[in-house]
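Asks: Mind looking over this structure? Questions follow.
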Amino acid sequence: MTMVVGMRELARNSNILDGYDYIDVKDKKTNEYKGLFISPKYADEFKKFLENKISQEQQEKWERIKPFIGSMECEDRYKGLEGKKLMEEVAKAKCGL
């Protein structure tokens with residue numbers, strides 16, 4: 001069973017969460033969707049679903065940037081330099097020093 005609850009109703013009485021599979025929470029004044037409460041019996045399944053979805057999105061991002069890995073070549077004089085020293089060396093090279 002499902003139910004739509006307002007924010008104020010939920011703040012006044014949290015016992016209305018019992019007996020429902022999930023509850024949509026809406027701000028009835030502005031008619032803005034605020035979120036979803038899930039029954040504890042479905043919580044583990046939903047967590048697994050979200051973890052799979054997040055890992056799939058991360059894998060898609062990885063697949064998009066994977067072709068560019070190692071595509072840039074670095075001159076030997078810049079290898080091993082980090083941060084400020086690298087910026088100094090690049091600035092010197094641009095000035096011709």
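Letters for chains follow the order of the structure tokens (A, B, ...), residue numbers begin at 1 for each chain, and ligand numbers begin at 1 in the order shown.
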Skipping near chain neighbours, those fewer than 6 positions away, what residues fall within 10 Å of stretch 5-7 of chain A using only C-alpha atoms, listed as a PDB file with N, CA and C atoms, in the first residue's frame?
Replies:
ATOM      1  N   ILE A  16       2.155   7.184  11.273  1.00  0.00           N
ATOM      2  CA  ILE A  16       1.463   6.954  10.012  1.00  0.00           C
ATOM      3  C   ILE A  16       2.330   6.187   9.019  1.00  0.00           C
ATOM      4  N   LEU A  17       3.623   6.060   9.307  1.00  0.00           N
ATOM      5  CA  LEU A  17       4.525   5.312   8.434  1.00  0.00           C
ATOM      6  C   LEU A  17       4.291   3.809   8.522  1.00  0.00           C
ATOM      7  N   ILE A  23       5.852   5.621   1.267  1.00  0.00           N
ATOM      8  CA  ILE A  23       5.053   6.826   1.464  1.00  0.00           C
ATOM      9  C   ILE A  23       5.734   7.983   0.746  1.00  0.00           C
ATOM     10  N   ASP A  24       4.995   8.628  -0.147  1.00  0.00           N
ATOM     11  CA  ASP A  24       5.473   9.833  -0.809  1.00  0.00           C
ATOM     12  C   ASP A  24       5.259  11.011   0.124  1.00  0.00           C
ATOM     13  N   VAL A  25       6.265  11.859   0.234  1.00  0.00           N
ATOM     14  CA  VAL A  25       6.168  13.033   1.097  1.00  0.00           C
ATOM     15  C   VAL A  25       6.110  14.269   0.208  1.00  0.00           C
ATOM     16  N   LYS A  26       5.043  15.056   0.386  1.00  0.00           N
ATOM     17  CA  LYS A  26       4.842  16.269  -0.385  1.00  0.00           C
ATOM     18  C   LYS A  26       4.598  17.423   0.556  1.00  0.00           C
ATOM     19  N   ASP A  27       5.090  18.574   0.153  1.00  0.00           N
ATOM     20  CA  ASP A  27       4.736  19.798   0.869  1.00  0.00           C
ATOM     21  C   ASP A  27       3.411  20.253   0.274  1.00  0.00           C
ATOM     22  N   LYS A  28       2.348  20.089   1.029  1.00  0.00           N
ATOM     23  CA  LYS A  28       1.013  20.358   0.487  1.00  0.00           C
ATOM     24  C   LYS A  28       0.775  21.843   0.232  1.00  0.00           C
ATOM     25  N   LYS A  29       1.527  22.703   0.905  1.00  0.00           N
ATOM     26  CA  LYS A  29       1.358  24.138   0.717  1.00  0.00           C
ATOM     27  C   LYS A  29       1.891  24.573  -0.652  1.00  0.00           C
ATOM     28  N   ASN A  31       2.993  22.254  -2.942  1.00  0.00           N
ATOM     29  CA  ASN A  31       2.807  21.102  -3.827  1.00  0.00           C
ATOM     30  C   ASN A  31       4.139  20.610  -4.399  1.00  0.00           C
ATOM     31  N   GLU A  32       5.183  20.708  -3.602  1.00  0.00           N
ATOM     32  CA  GLU A  32       6.533  20.300  -4.002  1.00  0.00           C
ATOM     33  C   GLU A  32       6.831  18.915  -3.438  1.00  0.00           C
ATOM     34  N   TYR A  33       7.345  18.034  -4.281  1.00  0.00           N
ATOM     35  CA  TYR A  33       7.696  16.677  -3.877  1.00  0.00           C
ATOM     36  C   TYR A  33       8.960  16.724  -3.019  1.00  0.00           C
ATOM     37  N   LYS A  34       8.916  16.138  -1.829  1.00  0.00           N
ATOM     38  CA  LYS A  34      10.031  16.206  -0.896  1.00  0.00           C
ATOM     39  C   LYS A  34      10.825  14.918  -0.792  1.00  0.00           C
ATOM     40  N   GLY A  35      10.187  13.772  -0.973  1.00  0.00           N
ATOM     41  CA  GLY A  35      10.948  12.548  -0.861  1.00  0.00           C
ATOM     42  C   GLY A  35      10.080  11.324  -0.709  1.00  0.00           C
ATOM     43  N   LEU A  36      10.709  10.258  -0.254  1.00  0.00           N
ATOM     44  CA  LEU A  36      10.073   8.957  -0.193  1.00  0.00           C
ATOM     45  C   LEU A  36      10.533   8.225   1.053  1.00  0.00           C
TER      46      LEU A  36
END
Asks: Which of chain A counts as helix (DSSP H, G or I) under DSSP, as a tab-separated table (two decimals) with N, CA and C atoms, in the first residue's frame please?
Replies:
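Output file out01.tsv is given in full below:
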chain	number	residue	atom	x	y	z
A	7	MET	N	4.31	17.24	4.85
A	7	MET	CA	5.42	17.40	5.79
A	7	MET	C	4.91	17.64	7.21
A	8	ARG	N	3.91	18.46	7.35
A	8	ARG	CA	3.39	18.77	8.68
A	8	ARG	C	2.76	17.54	9.33
A	9	GLU	N	2.03	16.75	8.53
A	9	GLU	CA	1.43	15.53	9.07
A	9	GLU	C	2.50	14.58	9.58
A	10	LEU	N	3.57	14.46	8.80
A	10	LEU	CA	4.66	13.55	9.18
A	10	LEU	C	5.36	14.04	10.43
A	11	ALA	N	5.54	15.35	10.56
A	11	ALA	CA	6.18	15.90	11.75
A	11	ALA	C	5.32	15.70	12.99
A	12	ARG	N	4.03	15.77	12.84
A	12	ARG	CA	3.12	15.60	13.98
A	12	ARG	C	3.00	14.17	14.43
A	14	SER	N	4.59	10.36	13.42
A	14	SER	CA	5.40	9.45	12.61
A	14	SER	C	4.82	8.04	12.58
A	15	ASN	N	3.80	7.77	13.36
A	15	ASN	CA	3.17	6.45	13.36
A	15	ASN	C	2.42	6.17	12.07
A	16	ILE	N	2.16	7.18	11.27
A	16	ILE	CA	1.46	6.95	10.01
A	16	ILE	C	2.33	6.19	9.02
A	17	LEU	N	3.62	6.06	9.31
A	17	LEU	CA	4.53	5.31	8.43
A	17	LEU	C	4.29	3.81	8.52
A	40	PRO	N	10.79	-0.84	6.05
A	40	PRO	CA	12.03	-1.55	6.38
A	40	PRO	C	12.19	-2.89	5.66
A	41	LYS	N	11.08	-3.51	5.29
A	41	LYS	CA	11.20	-4.81	4.60
A	41	LYS	C	11.75	-4.65	3.18
A	42	TYR	N	11.66	-3.46	2.61
A	42	TYR	CA	12.20	-3.20	1.28
A	42	TYR	C	13.50	-2.41	1.31
A	43	ALA	N	13.92	-1.98	2.47
A	43	ALA	CA	15.08	-1.10	2.57
A	43	ALA	C	16.35	-1.74	2.02
A	44	ASP	N	16.62	-3.00	2.36
A	44	ASP	CA	17.84	-3.66	1.88
A	44	ASP	C	17.85	-3.79	0.36
A	45	GLU	N	16.72	-4.16	-0.21
A	45	GLU	CA	16.63	-4.28	-1.67
A	45	GLU	C	16.86	-2.93	-2.33
A	46	PHE	N	16.30	-1.88	-1.76
A	46	PHE	CA	16.46	-0.54	-2.33
A	46	PHE	C	17.90	-0.07	-2.22
A	47	LYS	N	18.56	-0.37	-1.11
A	47	LYS	CA	19.97	0.00	-0.95
A	47	LYS	C	20.81	-0.69	-2.01
A	48	LYS	N	20.56	-1.98	-2.25
A	48	LYS	CA	21.31	-2.72	-3.27
A	48	LYS	C	21.06	-2.11	-4.65
A	49	PHE	N	19.79	-1.76	-4.92
A	49	PHE	CA	19.46	-1.14	-6.20
A	49	PHE	C	20.22	0.17	-6.39
A	50	LEU	N	20.25	1.01	-5.35
A	50	LEU	CA	20.98	2.29	-5.45
A	50	LEU	C	22.47	2.08	-5.62
A	51	GLU	N	23.04	1.12	-4.88
A	51	GLU	CA	24.48	0.84	-5.01
A	51	GLU	C	24.80	0.39	-6.43
A	52	ASN	N	23.95	-0.47	-7.01
A	52	ASN	CA	24.18	-0.92	-8.39
A	52	ASN	C	24.06	0.24	-9.36
A	53	LYS	N	23.08	1.09	-9.16
A	53	LYS	CA	22.88	2.23	-10.05
A	53	LYS	C	24.06	3.20	-9.97
A	54	ILE	N	24.53	3.48	-8.76
A	54	ILE	CA	25.67	4.38	-8.58
A	54	ILE	C	26.93	3.80	-9.20
A	55	SER	N	27.17	2.51	-8.98
A	55	SER	CA	28.36	1.88	-9.56
A	55	SER	C	28.27	1.85	-11.08
A	56	GLN	N	27.07	1.66	-11.62
A	56	GLN	CA	26.90	1.68	-13.07
A	56	GLN	C	27.19	3.07	-13.64
A	57	GLU	N	26.74	4.11	-12.96
A	57	GLU	CA	27.02	5.48	-13.41
A	57	GLU	C	28.51	5.77	-13.36
A	58	GLN	N	29.18	5.32	-12.30
A	58	GLN	CA	30.62	5.52	-12.19
A	58	GLN	C	31.35	4.76	-13.29
A	59	GLN	N	30.88	3.56	-13.62
A	59	GLN	CA	31.50	2.77	-14.68
A	59	GLN	C	31.32	3.48	-16.02
A	60	GLU	N	30.15	4.07	-16.26
A	60	GLU	CA	29.92	4.80	-17.51
A	60	GLU	C	30.84	6.01	-17.61
A	61	LYS	N	31.05	6.73	-16.50
A	61	LYS	CA	31.98	7.87	-16.51
A	61	LYS	C	33.40	7.38	-16.82
A	62	TRP	N	33.77	6.26	-16.20
A	62	TRP	CA	35.09	5.69	-16.43
A	62	TRP	C	35.27	5.31	-17.89
A	63	GLU	N	34.25	4.72	-18.49
A	63	GLU	CA	34.34	4.33	-19.90
A	63	GLU	C	34.46	5.54	-20.81
A	64	ARG	N	33.84	6.67	-20.42
A	64	ARG	CA	33.94	7.87	-21.24
A	64	ARG	C	35.35	8.48	-21.21
A	65	ILE	N	36.02	8.45	-20.04
A	65	ILE	CA	37.34	9.08	-19.96
A	65	ILE	C	38.47	8.10	-20.27
A	66	LYS	N	38.19	6.82	-20.29
A	66	LYS	CA	39.21	5.80	-20.52
A	66	LYS	C	40.01	6.01	-21.80
A	67	PRO	N	39.39	6.39	-22.92
A	67	PRO	CA	40.19	6.57	-24.15
A	67	PRO	C	41.24	7.68	-24.04
A	68	PHE	N	41.07	8.61	-23.10
A	68	PHE	CA	41.99	9.74	-23.01
A	68	PHE	C	43.15	9.49	-22.05
A	76	ASP	N	60.49	15.34	-20.39
A	76	ASP	CA	61.30	14.77	-19.31
A	76	ASP	C	61.60	15.78	-18.21
A	77	ARG	N	61.76	17.05	-18.57
A	77	ARG	CA	62.10	18.04	-17.55
A	77	ARG	C	60.94	18.32	-16.59
A	78	TYR	N	59.71	17.94	-16.97
A	78	TYR	CA	58.56	18.16	-16.10
A	78	TYR	C	58.18	16.93	-15.29
A	83	GLY	N	52.87	20.49	-8.27
A	83	GLY	CA	52.36	21.75	-7.75
A	83	GLY	C	53.10	22.98	-8.19
A	84	LYS	N	53.64	23.69	-7.21
A	84	LYS	CA	54.25	25.00	-7.44
A	84	LYS	C	55.50	24.90	-8.31
A	85	LYS	N	56.30	23.87	-8.10
A	85	LYS	CA	57.53	23.73	-8.90
A	85	LYS	C	57.19	23.50	-10.37
A	86	LEU	N	56.15	22.74	-10.64
A	86	LEU	CA	55.73	22.51	-12.01
A	86	LEU	C	55.26	23.80	-12.66
A	87	MET	N	54.50	24.59	-11.92
A	87	MET	CA	54.04	25.87	-12.43
A	87	MET	C	55.21	26.81	-12.71
A	88	GLU	N	56.21	26.80	-11.85
A	88	GLU	CA	57.39	27.65	-12.05
A	88	GLU	C	58.14	27.24	-13.31
A	89	GLU	N	58.32	25.96	-13.51
A	89	GLU	CA	59.05	25.47	-14.69
A	89	GLU	C	58.31	25.81	-15.97
A	90	VAL	N	56.99	25.67	-15.96
A	90	VAL	CA	56.20	26.00	-17.15
A	90	VAL	C	56.28	27.49	-17.44
A	91	ALA	N	56.22	28.32	-16.38
A	91	ALA	CA	56.33	29.77	-16.57
A	91	ALA	C	57.69	30.15	-17.13
A	92	LYS	N	58.76	29.50	-16.63
A	92	LYS	CA	60.10	29.76	-17.15
A	92	LYS	C	60.19	29.39	-18.62
A	93	ALA	N	59.59	28.27	-18.98
A	93	ALA	CA	59.62	27.83	-20.39
A	93	ALA	C	58.87	28.79	-21.30
A	94	LYS	N	57.78	29.34	-20.81
A	94	LYS	CA	57.01	30.30	-21.61
A	94	LYS	C	57.78	31.61	-21.81
A	95	CYS	N	58.56	32.00	-20.79
A	95	CYS	CA	59.35	33.24	-20.87
A	95	CYS	C	60.64	33.05	-21.63
